[in-house]
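These notes concern the structure reproduced below.
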Amino acid sequence: MHGRHSSSSSPFLIVAAFLVPTGLAHVMVGCAADDALVIGGDSHLVGAADSAAAQDAGADAVLDAHADTVSVDIAVADVAPKCPGEPSCACSVASDCPKTACVPAKSGPICAGPCTPAATCGAGFVCKSVGVGATGQKLCVPLHPYVCDPCANSAACASVADPTARCAAVLGDGGASGWYCAPRCTGPQDCPLGYLCDTYAVVDGAKEKVCAPAAAACPCSAAAVVAGRSTPCSVSAKSPQGVAIGTCTGQRKCKAKGLGACDAATPQPEGCDGLDNDCDSITDAGSLCDDFSLCTTDACAGAKGCTHVGLGGNCDDKNPCTDDACDKIKGCVTLPNQITCDDAEACTATDVCKAGVCGGVKVICDDKNACTQDTCLPGKGCAFTPTAVPCNDGTACTVQDACANGACAGKKLSCDDANLCTDDACDPVKGCTLAENAVPCNDGSACTAGDLCADGACAGQAVACADGQVCTDDSCIKATGCVYLPNTSKCSDGDACTASDACKGGACLPGAATDCQDGNLCTADSCDKNTGTCSHAVTNEAGACVDGSVCTGNDTCQGGLCVGQPQLVCDDKNPCSDDSCDAKLGCVSLALDATACDDANPCTTGESCKKGTCSSGQPLEDGKPCGDGKACSGGACKAAAT
């Protein structure tokens with residue numbers, strides 16, 4: 001194993017070799033200094049480390065790039081990686097490497113290690129920015145993850161570390177055994193260990209200088225097997241006489257035991273089966289169905305096989321007086337017959353074949369028409385030429401009969417008597433006939449309606465000109481019909497709430513309207529058009545109104561009446577006056593007489609009102625209790641003598 005140390009390595013990193021999880025290479029990771037960390041990944045996400053252990057330590061050592069375990073140099077930490085997730089661990093999707101990225105390597109995708117400021121990437125790895133723009137991350141990725149993998153185009157060989165890799169015929173056979181991924185190079189220093197720089201054909205371009213395996217072999221890598229990578233191939237064949245039959249194309253796919261055999265079909269001579277047997281992109285080509293008979297038309301119907309259609313009418317010599325047939329060797333043959341035929345002569349009939357020729361007897365032309373001259377024209381047949389001579393068309397309904405255009409016709413006899421109430425007709429024997437009818441008609445008067453024919457004349461029923469309007473005078477004029485002239489008669493407009501209605505301009509105009517206003521804001525006043533009766537419906541319930549009294553305030557409508565809340569308190573504190581409120585005057589007091597009252601003296605009794613004043617009562621007997629330890633004395637409360 002060839003390992004390299006960076007002079008700038010961190011004291012916390014050591015150079016070591018270890019075996020990554022099953023299917024991965026022995027790797028040692030190191031990363032370049034001063035590179036920003038960005039999460040990202042290569043577009044392929046498949047492959048394994050592209051460096052392999054040398055087969056020997058000599059100068060001619062050949063790298064086995066596809067061994068089941070591949071050893072490369074990577075600078076790593078002094079402890080084994082914690083999988084999954086850390087650098088060199090196997091991965092399948094980007095989320096398997098949360099801190100870096102899942103990148104392709106020869107034995108399968110692995111988590112890349114970051115290019116730390118303290119180290120550089122090991123042999124077979126390169127520090128690349130994985131990701132896009134400001135989110136890119138500097139990672140140690142395998143330099144040639146797809147080297148020697150089978151391919152069909154150069155796009156399948158490109159990776160973030162080697163975007164210009166080519167799909168080339170690196171085994172030196174021009175692509176006969178397949179095409180494989182190869183890095184471009186200018187010299188051996190550009191190639192992995194065990195690879196040589198030389199010029200080879202590129203599958204999708206011209207020849208270029210690429211790295212080819214010195215061992216002239218490209219076994220399938222573990223990653224190529226999992227991905228099912230393949231390369232185009234072909235199979236050619238020749239006939240026993242050494243003539244090339246064709247070439248069929250297919251694929252060689254990576255399997256567990258290596259690159260499989262070409263799955264292209266073996267070219268076969270073309271047959272009528274709907275298949276492209278010789279792989280020339282043409283199905284059922286050539287004369288495949290010839291039955292060597294002059295009496296059939298041979299064709300290939302694809303998967304249905306050959307068809308052989310008899311000539312049938314193809315032996316027809318177009319002569320009805322010969323019987324046509326086909327002999328496989330001689331082809332078409334003909335024999336004379338004696339059947340009826342058509343000699344194509346219009347002036348012969350009952351044509352019959354004789355000695356291979358058709359002939360008939362002369363035709364007599366007669367169309368039984370007095371207005372034609374009958375002849376037979378060779379090649380055309382009977383001809384009936386119109387004449388222009390007097391004739392009789394056999395009907396009494398025409399006059400001046402004469403032949404015209406081969407027919408006898410006369411001018412039509414006019415039987416119109418200009419009377420709508422007769423049906424005019426013509427009888428071929430009797431001539432004109434006139435029959436009375438009963439059809440609708442028009443007698444010319446606008447003052448009749450329903451006019452009908454009767455006894456050969458038109459008559460109708462008189463129109464009743466009555467529009468039912470009291471404000472018009474109705475009459476009828478024969479030329480124009482009904483006339484309705486306005487008058488000024490008294491009338492009724494149908495509204496009992498108006499009076500003295502009169503006609504004007506043909507209409508009944510209403511008179512003066514009935515006044516139903518009661519001046520109450522709490523009622524809706526209306527008049528019944530049928531009876532003329534006024535009604536006052538309750539309205540404006542709880543709405544504001546004015547009851548006309550100075551004794552109330554906040555007046556509102558209640559049940560059609562305006563009701564206010566008392567706002568004047570009429571109490572003069574005199575028990576000998578009767579206090580009340582007048583709607584217009586306000587508070588008023590009425591003096592009382594002979595009404596019991598209280599003069600506020602506890603030592604009197606029998607007080608009463610006199611002209612609005614409470615008079616003094618009669619003194620109580622001396623010594624009666626008066627209150628507060630006092631007693632009545634002479635009608636007054638006095639303290640007891642000590």
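How things are named: the first chain in the structure tokens is A, the next is B, and so on; residues count from 1 in each chain; ligands count from 1 in the order shown.
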Which residues of region 246-339 of chain A come within 8 Å of region 349-367 of chain A, and for each one, what is the closest pair of atoms and their distance in Å to one decimal, counting only C-alpha atoms, sorted by chain and residue number, as JSON lines?
```
{"residue": "A:Asn319", "atom": "CA", "partner": "A:Gly356", "partner_atom": "CA", "distance": 7.9}
{"residue": "A:Pro320", "atom": "CA", "partner": "A:Cys353", "partner_atom": "CA", "distance": 7.9}
{"residue": "A:Cys321", "atom": "CA", "partner": "A:Gly356", "partner_atom": "CA", "distance": 4.8}
{"residue": "A:Thr322", "atom": "CA", "partner": "A:Gly356", "partner_atom": "CA", "distance": 5.9}
{"residue": "A:Pro336", "atom": "CA", "partner": "A:Gly356", "partner_atom": "CA", "distance": 4.8}
{"residue": "A:Asn337", "atom": "CA", "partner": "A:Cys353", "partner_atom": "CA", "distance": 6.5}
{"residue": "A:Gln338", "atom": "CA", "partner": "A:Cys353", "partner_atom": "CA", "distance": 4.6}
{"residue": "A:Ile339", "atom": "CA", "partner": "A:Cys353", "partner_atom": "CA", "distance": 5.4}
```
Grab the residues selected above and save them as a CSV table (one decimal), in the first residue's frame with N, CA, C and O atoms.
```
chain,number,residue,atom,x,y,z
A,319,ASN,N,-62.3,-10.4,-74.2
A,319,ASN,CA,-63.1,-10.9,-75.3
A,319,ASN,C,-64.1,-11.8,-74.7
A,319,ASN,O,-63.8,-12.9,-74.3
A,320,PRO,N,-65.4,-11.5,-74.7
A,320,PRO,CA,-66.5,-12.3,-74.2
A,320,PRO,C,-66.6,-13.6,-74.9
A,320,PRO,O,-67.3,-14.6,-74.4
A,321,CYS,N,-66.1,-13.7,-76.2
A,321,CYS,CA,-66.3,-14.9,-77.0
A,321,CYS,C,-65.2,-15.9,-76.8
A,321,CYS,O,-65.0,-16.8,-77.6
A,322,THR,N,-64.3,-15.7,-75.8
A,322,THR,CA,-63.3,-16.7,-75.5
A,322,THR,C,-63.4,-17.0,-74.0
A,322,THR,O,-63.7,-16.2,-73.2
A,336,PRO,N,-62.4,-20.4,-78.0
A,336,PRO,CA,-63.6,-19.8,-78.4
A,336,PRO,C,-64.8,-20.4,-77.8
A,336,PRO,O,-64.8,-21.6,-77.4
A,337,ASN,N,-66.0,-19.6,-77.6
A,337,ASN,CA,-67.2,-20.1,-77.1
A,337,ASN,C,-68.4,-19.7,-77.9
A,337,ASN,O,-68.2,-19.0,-78.9
A,338,GLN,N,-69.6,-20.0,-77.6
A,338,GLN,CA,-70.8,-19.6,-78.3
A,338,GLN,C,-71.9,-19.0,-77.4
A,338,GLN,O,-73.1,-19.3,-77.5
A,339,ILE,N,-71.5,-18.1,-76.6
A,339,ILE,CA,-72.5,-17.5,-75.6
A,339,ILE,C,-73.0,-16.2,-76.2
A,339,ILE,O,-72.5,-15.7,-77.2
```
* **Those of region 316-527 of chain A in DSSP strand (DSSP E), formatted as a PyMOL selection string** => chain A and resi 322-327+331-336+348-354+357-362+372-377+381-386+398-404+407-412+422-427+431-436+448-454+457-462+472-477+481-486+498-499+502-504+507-509+512-513+523-527
* Hey, which of A:Gly331, A:Pro378, A:Gly505, A:Gly271 ends up closest to Gly305 (chain A)? Count only C-alpha atoms. ->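 Using only C-alpha atoms, Gly305 (chain A) sits closest to A:Gly271.
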Within 12 Å of region 549-554 of chain A, counting only C-alpha atoms, which residues qualify if same-chain residues fewer than 5 places away don't, as an mmCIF file with N, CA, C and O atoms, in the first residue's frame?
```cif
data_model
loop_
_atom_site.group_PDB
_atom_site.id
_atom_site.type_symbol
_atom_site.label_atom_id
_atom_site.label_comp_id
_atom_site.auth_asym_id
_atom_site.auth_seq_id
_atom_site.Cartn_x
_atom_site.Cartn_y
_atom_site.Cartn_z
ATOM 1 N N ALA A 542 -94.767 53.244 19.385
ATOM 2 C CA ALA A 542 -93.570 53.594 20.174
ATOM 3 C C ALA A 542 -92.781 54.726 19.544
ATOM 4 O O ALA A 542 -91.692 55.063 20.003
ATOM 5 N N GLY A 543 -93.318 55.311 18.485
ATOM 6 C CA GLY A 543 -92.636 56.432 17.858
ATOM 7 C C GLY A 543 -92.963 57.754 18.553
ATOM 8 O O GLY A 543 -93.944 57.875 19.291
ATOM 9 N N ALA A 544 -92.172 58.769 18.300
ATOM 10 C CA ALA A 544 -92.366 60.074 18.947
ATOM 11 C C ALA A 544 -93.629 60.754 18.425
ATOM 12 O O ALA A 544 -93.988 60.607 17.247
ATOM 13 N N CYS A 562 -101.483 59.109 21.414
ATOM 14 C CA CYS A 562 -100.225 59.725 21.826
ATOM 15 C C CYS A 562 -100.236 59.845 23.342
ATOM 16 O O CYS A 562 -101.075 60.544 23.918
ATOM 17 N N VAL A 563 -99.329 59.109 24.006
ATOM 18 C CA VAL A 563 -99.304 59.056 25.466
ATOM 19 C C VAL A 563 -97.979 59.620 25.947
ATOM 20 O O VAL A 563 -96.908 59.209 25.464
ATOM 21 N N GLY A 564 -98.042 60.567 26.962
ATOM 22 C CA GLY A 564 -96.816 61.150 27.499
ATOM 23 C C GLY A 564 -96.550 60.694 28.926
ATOM 24 O O GLY A 564 -97.449 60.188 29.603
ATOM 25 N N GLN A 565 -95.347 60.880 29.411
ATOM 26 C CA GLN A 565 -94.967 60.540 30.777
ATOM 27 C C GLN A 565 -95.083 61.823 31.632
ATOM 28 O O GLN A 565 -94.644 62.906 31.207
ATOM 29 N N PRO A 566 -95.669 61.707 32.854
ATOM 30 C CA PRO A 566 -95.827 62.907 33.711
ATOM 31 C C PRO A 566 -94.473 63.579 33.940
ATOM 32 O O PRO A 566 -93.487 62.902 34.224
ATOM 33 N N GLN A 567 -94.489 64.945 33.821
ATOM 34 C CA GLN A 567 -93.221 65.631 34.032
ATOM 35 C C GLN A 567 -93.341 66.788 35.057
ATOM 36 O O GLN A 567 -92.338 67.310 35.523
ATOM 37 N N LEU A 568 -94.588 67.193 35.456
ATOM 38 C CA LEU A 568 -94.794 68.227 36.486
ATOM 39 C C LEU A 568 -95.326 67.579 37.766
ATOM 40 O O LEU A 568 -96.305 66.815 37.717
ATOM 41 N N VAL A 569 -94.650 67.796 38.895
ATOM 42 C CA VAL A 569 -95.123 67.286 40.200
ATOM 43 C C VAL A 569 -95.893 68.435 40.901
ATOM 44 O O VAL A 569 -95.303 69.431 41.345
ATOM 45 N N CYS A 570 -97.193 68.344 40.947
ATOM 46 C CA CYS A 570 -98.051 69.416 41.480
ATOM 47 C C CYS A 570 -98.427 69.113 42.945
ATOM 48 O O CYS A 570 -99.498 68.557 43.235
ATOM 49 N N SER A 580 -103.453 69.531 41.249
ATOM 50 C CA SER A 580 -103.591 68.795 39.962
ATOM 51 C C SER A 580 -102.869 69.581 38.858
ATOM 52 O O SER A 580 -102.374 70.688 39.100
ATOM 53 N N CYS A 581 -102.830 68.942 37.664
ATOM 54 C CA CYS A 581 -102.140 69.583 36.521
ATOM 55 C C CYS A 581 -103.114 69.739 35.382
ATOM 56 O O CYS A 581 -103.768 68.761 34.962
ATOM 57 N N ASP A 582 -103.234 70.944 34.823
ATOM 58 C CA ASP A 582 -104.089 71.228 33.671
ATOM 59 C C ASP A 582 -103.240 71.165 32.408
ATOM 60 O O ASP A 582 -102.131 71.692 32.381
ATOM 61 N N ALA A 583 -103.753 70.461 31.342
ATOM 62 C CA ALA A 583 -102.975 70.240 30.121
ATOM 63 C C ALA A 583 -102.478 71.539 29.522
ATOM 64 O O ALA A 583 -101.413 71.571 28.885
ATOM 65 N N LYS A 584 -103.231 72.633 29.679
ATOM 66 C CA LYS A 584 -102.829 73.895 29.091
ATOM 67 C C LYS A 584 -102.211 74.837 30.133
ATOM 68 O O LYS A 584 -101.267 75.563 29.840
ATOM 69 N N LEU A 585 -102.748 74.836 31.416
ATOM 70 C CA LEU A 585 -102.301 75.783 32.422
ATOM 71 C C LEU A 585 -101.140 75.274 33.270
ATOM 72 O O LEU A 585 -100.403 76.045 33.880
ATOM 73 N N GLY A 586 -101.008 73.992 33.368
ATOM 74 C CA GLY A 586 -99.973 73.419 34.237
ATOM 75 C C GLY A 586 -100.552 73.136 35.605
ATOM 76 O O GLY A 586 -101.738 72.803 35.743
ATOM 77 N N CYS A 587 -99.749 73.306 36.689
ATOM 78 C CA CYS A 587 -100.183 72.974 38.047
ATOM 79 C C CYS A 587 -101.242 73.990 38.549
ATOM 80 O O CYS A 587 -101.060 75.213 38.415
ATOM 81 N N VAL A 588 -102.332 73.469 39.176
ATOM 82 C CA VAL A 588 -103.377 74.290 39.788
ATOM 83 C C VAL A 588 -103.715 73.697 41.165
ATOM 84 O O VAL A 588 -103.588 72.472 41.351
#
```
Taking 5 positions as the minimum chain separation for residues in the same chain, which residues sit within 9 Å of Arg229 (chain A) when counting only C-alpha atoms? Answer as a compact mmCIF listing (two decimals) with N, CA, C and O atoms, in the first residue's frame.
```txt
# COMPACT_ATOMS: atom_id res chain seq x y z
N ASP A 149 -15.50 1.31 -15.73
CA ASP A 149 -16.89 0.83 -15.69
C ASP A 149 -17.44 0.81 -17.12
O ASP A 149 -17.15 1.71 -17.91
N PRO A 150 -18.27 -0.19 -17.48
CA PRO A 150 -18.86 -0.21 -18.82
C PRO A 150 -19.80 0.99 -19.00
O PRO A 150 -20.39 1.48 -18.04
N CYS A 151 -19.92 1.46 -20.25
CA CYS A 151 -20.73 2.65 -20.51
C CYS A 151 -21.26 2.62 -21.93
O CYS A 151 -20.82 1.82 -22.76
N ALA A 152 -22.24 3.50 -22.18
CA ALA A 152 -22.80 3.66 -23.52
C ALA A 152 -22.55 5.06 -24.07
O ALA A 152 -22.63 5.27 -25.27
N CYS A 220 -15.98 -5.95 -13.68
CA CYS A 220 -17.05 -5.11 -13.12
C CYS A 220 -16.77 -4.79 -11.66
O CYS A 220 -16.45 -5.68 -10.87
N ALA A 223 -19.86 -1.44 -7.43
CA ALA A 223 -20.87 -0.41 -7.70
C ALA A 223 -21.49 -0.60 -9.07
O ALA A 223 -22.68 -0.39 -9.27
N ALA A 224 -20.70 -1.01 -10.07
CA ALA A 224 -21.23 -1.22 -11.42
C ALA A 224 -22.21 -2.37 -11.44
O ALA A 224 -23.19 -2.36 -12.19
N ARG A 252 -23.91 -5.64 -22.98
CA ARG A 252 -23.22 -6.51 -22.02
C ARG A 252 -23.41 -5.86 -20.65
O ARG A 252 -22.98 -4.72 -20.44
N LYS A 253 -24.05 -6.54 -19.70
CA LYS A 253 -24.38 -5.95 -18.41
C LYS A 253 -23.49 -6.52 -17.32
O LYS A 253 -23.12 -7.70 -17.35
N CYS A 254 -23.14 -5.67 -16.32
CA CYS A 254 -22.34 -6.10 -15.18
C CYS A 254 -23.19 -6.99 -14.27
O CYS A 254 -24.31 -6.63 -13.89
N LYS A 255 -22.61 -8.16 -13.92
CA LYS A 255 -23.25 -9.09 -12.99
C LYS A 255 -22.26 -9.45 -11.91
O LYS A 255 -21.09 -9.05 -11.94
```
* Write out as a ChimeraX atom specification which residues come within 10 Å of Ala256 (chain A) when counting only C-alpha atoms, dropping same-chain ones fewer than 5 positions away. => /A:220-222,224-226,228
* Can you tell me how far CA of Val170 (chain A) sits from CA of Ala155 (chain A), in Å to one decimal? ->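 Separation of CA of Val170 (chain A) and CA of Ala155 (chain A): 16.6 Å.
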